[in-house]
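What follows is the content of final_33.txt (compact mmCIF, C-alpha atoms).
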```txt
# COMPACT_ATOMS: atom_id res chain seq x y z
CA MET A 1 142.06 226.16 268.07
CA LEU A 2 141.18 229.73 267.15
CA ASP A 3 140.63 232.40 269.78
CA TYR A 4 136.94 233.34 269.48
CA ALA A 5 137.43 236.61 271.35
CA ALA A 6 139.92 237.56 268.65
CA LEU A 7 137.54 236.38 265.92
CA ALA A 8 134.77 238.50 267.43
CA ALA A 9 137.14 241.48 267.39
CA LEU A 10 137.93 240.86 263.71
CA ALA A 11 134.25 240.59 262.78
CA ALA A 12 133.47 243.79 264.71
CA VAL A 13 136.23 245.76 262.95
CA ILE A 14 134.97 244.70 259.52
CA ARG A 15 131.33 245.25 260.45
CA GLU A 16 131.89 248.64 262.11
CA GLY A 17 134.63 249.85 259.74
CA SER A 18 137.16 250.95 262.37
CA PHE A 19 139.01 249.75 265.46
CA GLU A 20 137.46 252.52 267.58
CA ARG A 21 133.85 251.69 266.69
CA ALA A 22 134.57 247.97 267.11
CA ALA A 23 135.92 248.68 270.59
CA ARG A 24 132.76 250.57 271.53
CA ALA A 25 130.57 247.76 270.19
CA LEU A 26 132.45 245.14 272.25
CA HIS A 27 132.89 247.40 275.32
CA VAL A 28 136.69 247.13 275.30
CA THR A 29 139.52 249.52 274.45
CA PRO A 30 140.83 250.07 270.90
CA SER A 31 144.23 248.78 272.05
CA ALA A 32 142.57 245.52 273.16
CA ILE A 33 140.98 245.15 269.72
CA SER A 34 144.32 245.86 268.04
CA GLN A 35 146.12 243.33 270.20
CA ARG A 36 143.55 240.60 269.57
CA ILE A 37 143.74 241.05 265.82
CA ARG A 38 147.55 241.21 265.88
CA LEU A 39 147.68 237.90 267.76
CA LEU A 40 145.14 236.36 265.39
CA GLU A 41 147.17 237.48 262.36
CA GLU A 42 150.28 235.95 263.93
CA ARG A 43 148.32 232.74 264.56
CA VAL A 44 147.09 232.34 260.95
CA GLY A 45 150.27 233.78 259.42
CA CYS A 46 148.82 236.53 257.23
CA ALA A 47 147.13 239.93 257.32
CA LEU A 48 143.39 239.87 258.02
CA VAL A 49 142.50 243.57 257.98
CA ILE A 50 143.26 246.24 255.40
CA ARG A 51 143.63 249.28 257.63
CA ASP A 52 141.80 251.79 255.48
CA GLN A 53 138.83 254.15 255.87
CA PRO A 54 136.74 252.09 256.38
CA CYS A 55 138.71 248.99 257.39
CA ARG A 56 138.27 246.06 255.00
CA ALA A 57 138.96 242.36 255.29
CA THR A 58 141.53 240.49 253.27
CA GLU A 59 140.39 237.30 251.54
CA THR A 60 141.42 235.22 254.58
CA GLY A 61 139.82 237.77 256.87
CA ARG A 62 136.52 237.46 255.00
CA ARG A 63 136.55 233.69 255.40
CA LEU A 64 137.16 234.01 259.11
CA CYS A 65 134.32 236.53 259.38
CA GLN A 66 132.04 234.07 257.59
CA HIS A 67 133.10 231.42 260.11
CA VAL A 68 132.18 233.78 262.97
CA ASP A 69 128.76 234.42 261.38
CA GLN A 70 128.12 230.68 261.10
CA VAL A 71 129.16 230.10 264.72
CA GLN A 72 126.79 232.87 265.84
CA LEU A 73 123.94 231.17 264.01
CA LEU A 74 124.73 227.85 265.71
CA GLU A 75 124.91 229.54 269.10
CA GLN A 76 121.56 231.24 268.46
CA ASP A 77 119.98 227.86 267.75
CA LEU A 78 121.52 226.42 270.93
CA GLN A 79 120.23 229.31 273.05
CA GLY A 80 116.77 228.72 271.62
CA ALA A 81 116.94 225.09 272.74
CA LEU A 82 118.67 225.88 276.05
CA PRO A 83 117.45 229.31 277.25
CA ALA A 84 119.64 229.10 280.38
CA LEU A 85 122.67 229.66 278.13
CA ALA A 86 121.39 233.13 277.25
CA ALA A 87 122.24 234.48 280.67
CA GLN A 88 122.79 238.04 279.45
CA GLY A 89 119.42 238.38 277.76
CA LEU A 90 118.48 238.34 274.08
CA THR A 91 121.36 238.17 271.63
CA ARG A 92 121.02 238.66 267.90
CA ALA A 93 123.00 236.82 265.25
CA SER A 94 124.46 238.83 262.37
CA VAL A 95 123.45 237.49 258.94
CA PRO A 96 125.19 239.18 255.98
CA VAL A 97 123.44 238.78 252.62
CA ALA A 98 124.06 240.17 249.13
CA VAL A 99 121.14 241.10 246.88
CA ASN A 100 120.50 242.98 243.66
CA ALA A 101 119.03 246.47 243.92
CA ASP A 102 115.93 245.76 241.82
CA SER A 103 114.88 242.84 244.03
CA LEU A 104 115.41 244.99 247.12
CA ALA A 105 113.29 247.77 245.60
CA THR A 106 110.38 245.47 244.74
CA TRP A 107 109.57 242.06 246.22
CA LEU A 108 112.46 241.40 248.61
CA ALA A 109 112.47 244.26 251.14
CA PRO A 110 109.06 243.45 252.72
CA ALA A 111 110.05 239.80 253.17
CA ILE A 112 113.37 240.43 254.91
CA ALA A 113 111.92 243.27 256.98
CA ALA A 114 109.12 241.07 258.30
CA PHE A 115 111.57 238.25 259.04
CA ALA A 116 114.00 240.52 260.89
CA ALA A 117 111.18 242.06 262.91
CA GLY A 118 110.18 238.65 264.27
CA HIS A 119 113.52 236.92 264.82
CA PRO A 120 116.70 237.51 266.86
CA VAL A 121 118.78 238.53 263.87
CA LEU A 122 120.65 241.55 262.52
CA LEU A 123 120.62 241.53 258.73
CA GLN A 124 123.60 243.11 256.98
CA VAL A 125 122.41 243.70 253.40
CA ALA A 126 124.94 244.45 250.65
CA VAL A 127 123.78 245.51 247.17
CA ASP A 128 125.46 244.51 243.92
CA ASP A 129 124.55 243.54 240.37
CA GLN A 130 122.69 240.22 240.19
CA ASP A 131 125.48 238.77 238.05
CA HIS A 132 128.03 239.49 240.78
CA THR A 133 126.30 238.84 244.13
CA ALA A 134 127.38 235.18 244.08
CA GLU A 135 130.99 236.37 244.29
CA TRP A 136 130.22 237.81 247.72
CA LEU A 137 129.19 234.36 248.91
CA ARG A 138 132.15 232.66 247.23
CA SER A 139 134.57 235.06 248.93
CA GLY A 140 133.07 234.50 252.37
CA ALA A 141 131.74 238.05 252.70
CA VAL A 142 128.11 236.91 253.12
CA LEU A 143 126.14 233.80 254.12
CA ALA A 144 123.45 234.12 251.44
CA ALA A 145 122.79 235.89 248.16
CA VAL A 146 120.17 236.56 245.51
CA SER A 147 121.94 235.89 242.23
CA ALA A 148 121.37 235.41 238.52
CA THR A 149 123.90 232.57 238.61
CA ALA A 150 122.33 229.13 238.91
CA ARG A 151 125.42 227.11 239.83
CA PRO A 152 126.24 227.23 243.55
CA ALA A 153 129.71 227.92 244.88
CA SER A 154 131.55 225.14 246.71
CA GLY A 155 129.96 224.54 250.09
CA CYS A 156 126.73 226.34 249.13
CA ASN A 157 123.21 225.46 248.02
CA SER A 158 121.23 227.10 245.20
CA ARG A 159 117.45 227.19 244.75
CA PRO A 160 115.47 228.84 241.93
CA LEU A 161 113.40 231.86 242.96
CA GLY A 162 111.73 232.78 239.70
CA ALA A 163 112.31 235.43 237.05
CA MET A 164 112.18 239.21 237.27
CA ARG A 165 110.62 240.81 234.21
CA TYR A 166 112.26 243.95 232.85
CA LEU A 167 110.73 246.32 230.31
CA ALA A 168 112.63 248.83 228.18
CA ALA A 169 110.85 252.13 228.75
CA ALA A 170 111.19 255.89 228.54
CA SER A 171 109.00 258.99 228.65
CA PRO A 172 106.74 259.74 225.66
CA ALA A 173 108.74 262.91 224.90
CA PHE A 174 112.00 260.93 224.92
CA LEU A 175 110.56 258.37 222.51
CA GLN A 176 109.39 261.12 220.18
CA ARG A 177 112.79 262.80 220.28
CA TYR A 178 115.01 259.76 219.72
CA PHE A 179 112.83 256.97 218.34
CA ALA A 180 110.31 258.74 216.12
CA HIS A 181 111.56 256.68 213.15
CA GLY A 182 111.90 253.38 215.00
CA VAL A 183 114.07 251.60 217.55
CA GLY A 184 117.20 250.18 215.96
CA ALA A 185 120.96 250.20 216.12
CA ALA A 186 121.27 253.74 214.69
CA SER A 187 118.76 255.35 217.03
CA LEU A 188 119.99 253.41 220.09
CA ALA A 189 123.55 254.58 219.42
CA LEU A 190 122.32 258.18 219.81
CA ALA A 191 119.76 257.89 222.60
CA PRO A 192 121.11 258.21 226.19
CA SER A 193 120.53 255.04 228.19
CA LEU A 194 120.44 254.43 231.94
CA VAL A 195 122.68 251.91 233.73
CA PHE A 196 122.98 251.09 237.42
CA ASN A 197 126.79 251.03 237.30
CA ALA A 198 129.62 249.72 235.14
CA LYS A 199 128.60 246.12 235.91
CA ASP A 200 125.04 246.58 234.60
CA GLU A 201 124.65 244.65 231.35
CA LEU A 202 120.83 244.54 231.11
CA GLN A 203 120.50 247.34 228.56
CA ALA A 204 123.32 245.91 226.43
CA ARG A 205 121.75 242.45 226.62
CA TRP A 206 118.36 243.76 225.48
CA VAL A 207 119.95 245.68 222.59
CA ARG A 208 121.95 242.63 221.52
CA ARG A 209 118.74 240.58 221.37
CA LEU A 210 117.11 243.25 219.22
CA CYS A 211 119.99 244.12 216.88
CA HIS A 212 121.88 240.78 216.90
CA ARG A 213 125.13 242.66 217.48
CA HIS A 214 126.82 244.94 219.98
CA VAL A 215 125.81 248.60 219.90
CA GLU A 216 127.82 251.15 221.88
CA LEU A 217 125.28 252.99 224.02
CA PRO A 218 125.58 256.47 225.54
CA ARG A 219 125.06 255.88 229.27
CA HIS A 220 124.01 257.74 232.39
CA ALA A 221 125.04 255.85 235.57
CA LEU A 222 122.45 255.93 238.38
CA PRO A 223 123.00 253.41 241.23
CA SER A 224 119.37 253.37 242.43
CA SER A 225 116.31 251.54 241.14
CA HIS A 226 113.98 254.37 242.14
CA ALA A 227 116.33 256.96 240.59
CA PHE A 228 116.08 254.96 237.36
CA VAL A 229 112.32 255.53 237.35
CA THR A 230 112.67 259.22 238.23
CA ALA A 231 115.21 259.67 235.44
CA GLY A 232 113.00 257.88 232.95
CA LEU A 233 110.00 260.02 233.85
CA ALA A 234 112.09 263.18 233.45
CA GLY A 235 113.29 262.16 229.97
CA MET A 236 116.90 261.66 231.00
CA GLY A 237 117.21 258.35 229.20
CA TRP A 238 115.74 254.94 228.47
CA GLY A 239 116.41 251.86 230.56
CA LEU A 240 115.38 248.37 231.59
CA HIS A 241 113.02 248.73 234.57
CA PRO A 242 111.43 246.01 236.71
CA GLN A 243 107.84 245.76 235.49
CA ALA A 244 106.59 245.71 239.09
CA LEU A 245 108.23 249.09 239.72
CA ILE A 246 106.93 250.95 236.66
CA GLN A 247 103.53 249.36 235.98
CA PRO A 248 101.62 252.35 237.43
CA HIS A 249 103.56 254.69 235.13
CA LEU A 250 102.87 252.46 232.13
CA ASP A 251 99.18 252.46 233.05
CA ASN A 252 98.96 256.26 233.20
CA GLY A 253 101.16 256.80 230.14
CA SER A 254 104.01 258.67 231.85
CA LEU A 255 106.34 255.86 230.71
CA VAL A 256 106.05 253.95 227.43
CA GLU A 257 107.76 250.74 226.30
CA LEU A 258 110.28 251.17 223.52
CA LEU A 259 109.00 247.99 221.90
CA PRO A 260 105.88 246.25 223.25
CA ASP A 261 106.07 242.49 223.73
CA MET A 262 109.85 242.48 224.10
CA PRO A 263 110.50 241.95 227.82
CA LEU A 264 113.76 240.69 229.29
CA ASP A 265 113.24 238.02 231.95
CA VAL A 266 116.14 237.47 234.36
CA ALA A 267 116.10 234.21 236.35
CA LEU A 268 117.13 234.61 240.00
CA TYR A 269 118.43 232.05 242.50
CA TRP A 270 118.81 231.97 246.27
CA HIS A 271 122.28 230.83 247.33
CA THR A 272 123.10 229.96 250.93
CA ALA A 273 126.13 228.62 252.75
CA ARG A 274 125.58 225.08 254.01
CA ALA A 275 125.24 226.15 257.63
CA ALA A 276 122.83 224.06 259.70
CA SER A 277 120.85 226.95 261.18
CA SER A 278 117.16 227.37 261.88
CA LEU A 279 117.55 231.15 261.46
CA LEU A 280 119.08 230.82 258.00
CA ASP A 281 116.45 228.22 257.09
CA GLY A 282 113.74 230.61 258.28
CA LEU A 283 115.14 233.46 256.22
CA SER A 284 115.28 231.16 253.19
CA GLY A 285 111.66 230.18 253.71
CA ALA A 286 110.57 233.81 253.91
CA ILE A 287 112.44 234.73 250.73
CA LEU A 288 111.20 231.73 248.77
CA ALA A 289 107.61 232.53 249.80
CA ALA A 290 107.99 236.16 248.73
CA ALA A 291 109.47 235.11 245.40
CA ARG A 292 106.45 232.94 244.67
CA THR A 293 104.23 236.04 244.65
CA GLY A 294 106.74 238.67 243.49
CA LEU A 295 108.46 236.90 240.58
CA LEU A 296 107.46 234.94 237.51
CA PRO A 297 107.41 231.15 238.17
CA PRO A 298 110.83 229.47 237.78
```
Rewritten as C-alpha cells:
Amino acid sequence: MLDYAALAALAAVIREGSFERAARALHVTPSAISQRIRLLEERVGCALVIRDQPCRATETGRRLCQHVDQVQLLEQDLQGALPALAAQGLTRASVPVAVNADSLATWLAPAIAAFAAGHPVLLQVAVDDQDHTAEWLRSGAVLAAVSATARPASGCNSRPLGAMRYLAAASPAFLQRYFAHGVGAASLALAPSLVFNAKDELQARWVRRLCHRHVELPRHALPSSHAFVTAGLAGMGWGLHPQALIQPHLDNGSLVELLPDMPLDVALYWHTARAASSLLDGLSGAILAAARTGLLPP
C-alpha cells in the first residue's frame, strides 16, 4: 500500500513548485516533505520529482499525482454523503484540467468560474494548444481536457463539445498594404502572420486549404488570445481569430476578413479520466452546457 501522507507531499510539491511552499501548505517542515518524498521514491523505485525551479514531476510522479487527485474527488463525494467525516470543516478537492487558450478566452471561462464558485473544488487550469491538451491527460498531469482530438486516451472518456469557428482577419490598413492584389501564396509569404506559439498550426492549416500546398509564413508569436486581437487591430499581422472574440471588430470595420466565406471550424472534445466522481461529473455537465451555447453544434 502507498503512504498517502507521502503522496499528499508529492502532490503539494508539484502543485506549489517547491518543497518550502509545499511545507507551508501542509503545515509541516520542509525536511518532513523531503523525507516523505524520499521514502516514496524508495518505495516505487524511481525518481518522482525533478528538483528544478519550479519543481516538476517525472512521468511516474505525474501518474501518482493524478491518483491523488482522483482519491481527493472520491473523498469529497464521501464527505458529502457522510458530513461527520469532514471534522475539520470544508475541504476542497483539486481538479487539474488542460484547455486551449481560445476556449478559455471565449465560452469556457464563465462556465468553470460559475462551477468553482458553487462547489468545493480548486481548479488548476493549464493552457496549451488544442491539438496537444490531450497529452496532458494521457501523461497523468490533469483529470480532464478540452481537446481537438476525438479519440480518448486509455482509461478516459471523450464527448463532442462542438466546433469553434475561426476567421482569418487583419486591419484594413494591413490588407491594403499586403493584399491589395489578392490573397494567395505569394502575398501570404510576405505578410507577417500571428501564431500563439510554435505548436499553433491554425494559420498554416488555413493557408494549405487555400493554396493546396505549404507556404512558409513570416510569424509573430503571441501566446494570448486577446493579444492576438490587439495585434490585429494595430496592423501587426493577420491571424485566425475565434469569431466570438472579434465579431464586434468585424461589425465596426476595425478588422476585416482576408477572404469572406472561408472560415476554419475546429471540432473540440471534452476528455475526462474515468473517475467515479460527482464533482467531475458536475464540471462536465457545466462545460457541456456552455459548449451548447458557445460553440457550433457538433
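Between atom CA of A:Ala5 and atom CA of A:Gly17 the interatomic distance comes to 17.8 Å.
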Could the residues of stretch 41-99 of chain A that have an atom at most 7 Å from stretch 137-158 of chain A be listed as a Markdown table, each with its closest atom pair and the distance in Å to one decimal, counting only C-alpha atoms and ordered by chain and ascending residue number?
```
| residue | atom | partner | partner_atom | distance |
| --- | --- | --- | --- | --- |
| A:Glu59 | CA | A:Ser139 | CA | 6.8 |
| A:Arg62 | CA | A:Gly140 | CA | 5.3 |
| A:Arg63 | CA | A:Gly140 | CA | 4.7 |
| A:Gln66 | CA | A:Gly140 | CA | 5.3 |
| A:Val95 | CA | A:Leu143 | CA | 6.6 |
| A:Pro96 | CA | A:Val142 | CA | 4.7 |
| A:Val97 | CA | A:Ala144 | CA | 4.8 |
| A:Ala98 | CA | A:Ala145 | CA | 4.6 |
| A:Val99 | CA | A:Val146 | CA | 4.8 |
```
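Distances to A:Thr272 were evaluated for A:Thr58, A:Gln124, A:Gln70, A:Ser225 using all atoms listed in the file, and the minimum falls at A:Gln70.
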If you take all atoms listed in the file and a cut-off of 9 Å, which residues of stretch 145-210 of chain A touch stretch 257-265 of chain A, and what are their nearest atom pairs and distances in Å to one decimal, in chain and number order, as CSV?
```
residue,atom,partner,partner_atom,distance
A:Ala163,CA,A:Asp265,CA,5.8
A:Met164,CA,A:Asp265,CA,5.6
A:Arg165,CA,A:Asp265,CA,4.4
A:Tyr166,CA,A:Leu264,CA,5.1
A:Leu167,CA,A:Pro263,CA,5.0
A:Ala168,CA,A:Glu257,CA,5.6
A:Ala169,CA,A:Glu257,CA,4.2
A:Ala170,CA,A:Glu257,CA,6.6
A:Ser171,CA,A:Glu257,CA,8.7
A:Leu175,CA,A:Leu258,CA,7.3
A:Phe179,CA,A:Leu258,CA,8.2
A:Gly182,CA,A:Leu258,CA,8.9
A:Val183,CA,A:Leu258,CA,7.1
A:Leu202,CA,A:Leu264,CA,8.3
A:Arg205,CA,A:Leu264,CA,8.6
A:Trp206,CA,A:Leu264,CA,6.7
A:Leu210,CA,A:Met262,CA,8.8
```
Next item on the list: Determine the nearest neighbour of A:Ala113 from the options A:Ala286, A:Leu240, A:Ala32, A:Leu296, counting only C-alpha atoms.
Entry: A:Ala286
Note to self: Please determine, counting all atoms listed in the file, which residue among A:Leu217, A:Val49, A:Ala234, A:Ile112 has the shortest atom-to-atom distance to A:Ser18.
What the structure shows: A:Val49
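Distance-wise, atom CA of A:Tyr4 and atom CA of A:Leu39 end up 11.8 Å apart.
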For A:Ser254, find every residue with an atom within 12 Å (counting only C-alpha atoms), except residues of its own chain fewer than 3 positions away, and show them as a PDB file with C-alpha atoms, in the coordinates of the input.
```
ATOM      1  CA  ALA A 169     110.850 252.130 228.750  1.00  0.00           C
ATOM      2  CA  ALA A 170     111.190 255.890 228.540  1.00  0.00           C
ATOM      3  CA  SER A 171     109.000 258.990 228.650  1.00  0.00           C
ATOM      4  CA  PRO A 172     106.740 259.740 225.660  1.00  0.00           C
ATOM      5  CA  ALA A 173     108.740 262.910 224.900  1.00  0.00           C
ATOM      6  CA  PHE A 174     112.000 260.930 224.920  1.00  0.00           C
ATOM      7  CA  LEU A 175     110.560 258.370 222.510  1.00  0.00           C
ATOM      8  CA  VAL A 229     112.320 255.530 237.350  1.00  0.00           C
ATOM      9  CA  THR A 230     112.670 259.220 238.230  1.00  0.00           C
ATOM     10  CA  ALA A 231     115.210 259.670 235.440  1.00  0.00           C
ATOM     11  CA  GLY A 232     113.000 257.880 232.950  1.00  0.00           C
ATOM     12  CA  LEU A 233     110.000 260.020 233.850  1.00  0.00           C
ATOM     13  CA  ALA A 234     112.090 263.180 233.450  1.00  0.00           C
ATOM     14  CA  GLY A 235     113.290 262.160 229.970  1.00  0.00           C
ATOM     15  CA  ILE A 246     106.930 250.950 236.660  1.00  0.00           C
ATOM     16  CA  GLN A 247     103.530 249.360 235.980  1.00  0.00           C
ATOM     17  CA  PRO A 248     101.620 252.350 237.430  1.00  0.00           C
ATOM     18  CA  HIS A 249     103.560 254.690 235.130  1.00  0.00           C
ATOM     19  CA  LEU A 250     102.870 252.460 232.130  1.00  0.00           C
ATOM     20  CA  ASP A 251      99.180 252.460 233.050  1.00  0.00           C
ATOM     21  CA  GLU A 257     107.760 250.740 226.300  1.00  0.00           C
TER      22      GLU A 257
END
```
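Closest approach to A:Leu108 from the set A:Leu222, A:Ala180, A:Ala126, A:Ile287 is made by A:Ile287, with distances taken over all atoms listed in the file.
Atom CA of A:Arg213 is positioned 27.4 Å from atom CA of A:Ala101.
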Check: Smallest atom-to-atom distance to A:Pro192: which of A:Leu161, A:Val207, A:Met236, A:Leu74, using all atoms listed in the file?
Finding: A:Met236
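Distances here use only C-alpha atoms; by that measure, the residue among A:Thr106, A:Thr293, A:Gln53, A:Thr91 closest to A:His241 is A:Thr106.
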Next item on the list: Please write as a ChimeraX atom specification the list of polymer residues whose atoms come within 9 Å of (126.0, 242.9, 241.5), counting all atoms listed in the file and keeping to the coordinates of the file.
Entry: /A:98-101,127-135,147,199-200
Next item on the list: Kindly extract all protein, DNA and RNA residues lying within 10 Å of the coordinates (125.0, 227.7, 265.6) given in the file, considering all atoms listed in the file, and supply them as a ChimeraX atom specification.
Entry: /A:68-79,93,275-279
Margin query: Residues near A:Gln35, anyone? I mean within 12 Å using all atoms listed in the file, not counting same-chain ones fewer than 3 positions away, as a PyMOL selection string.
Written below: chain A and resi 5-7+9-10+19+23+28-32+38-42
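Excluding A:Ala22 and any residue on its chain fewer than 5 positions from it, the residues at most 6 Å away by all atoms listed in the file are Ala12, Val13 and Glu16 of chain A.
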Those same residues, written as a CSV table (one decimal), keeping the file's coordinate frame with C-alpha atoms?
```csv
chain,number,residue,atom,x,y,z
A,12,ALA,CA,133.5,243.8,264.7
A,13,VAL,CA,136.2,245.8,263.0
A,16,GLU,CA,131.9,248.6,262.1
```
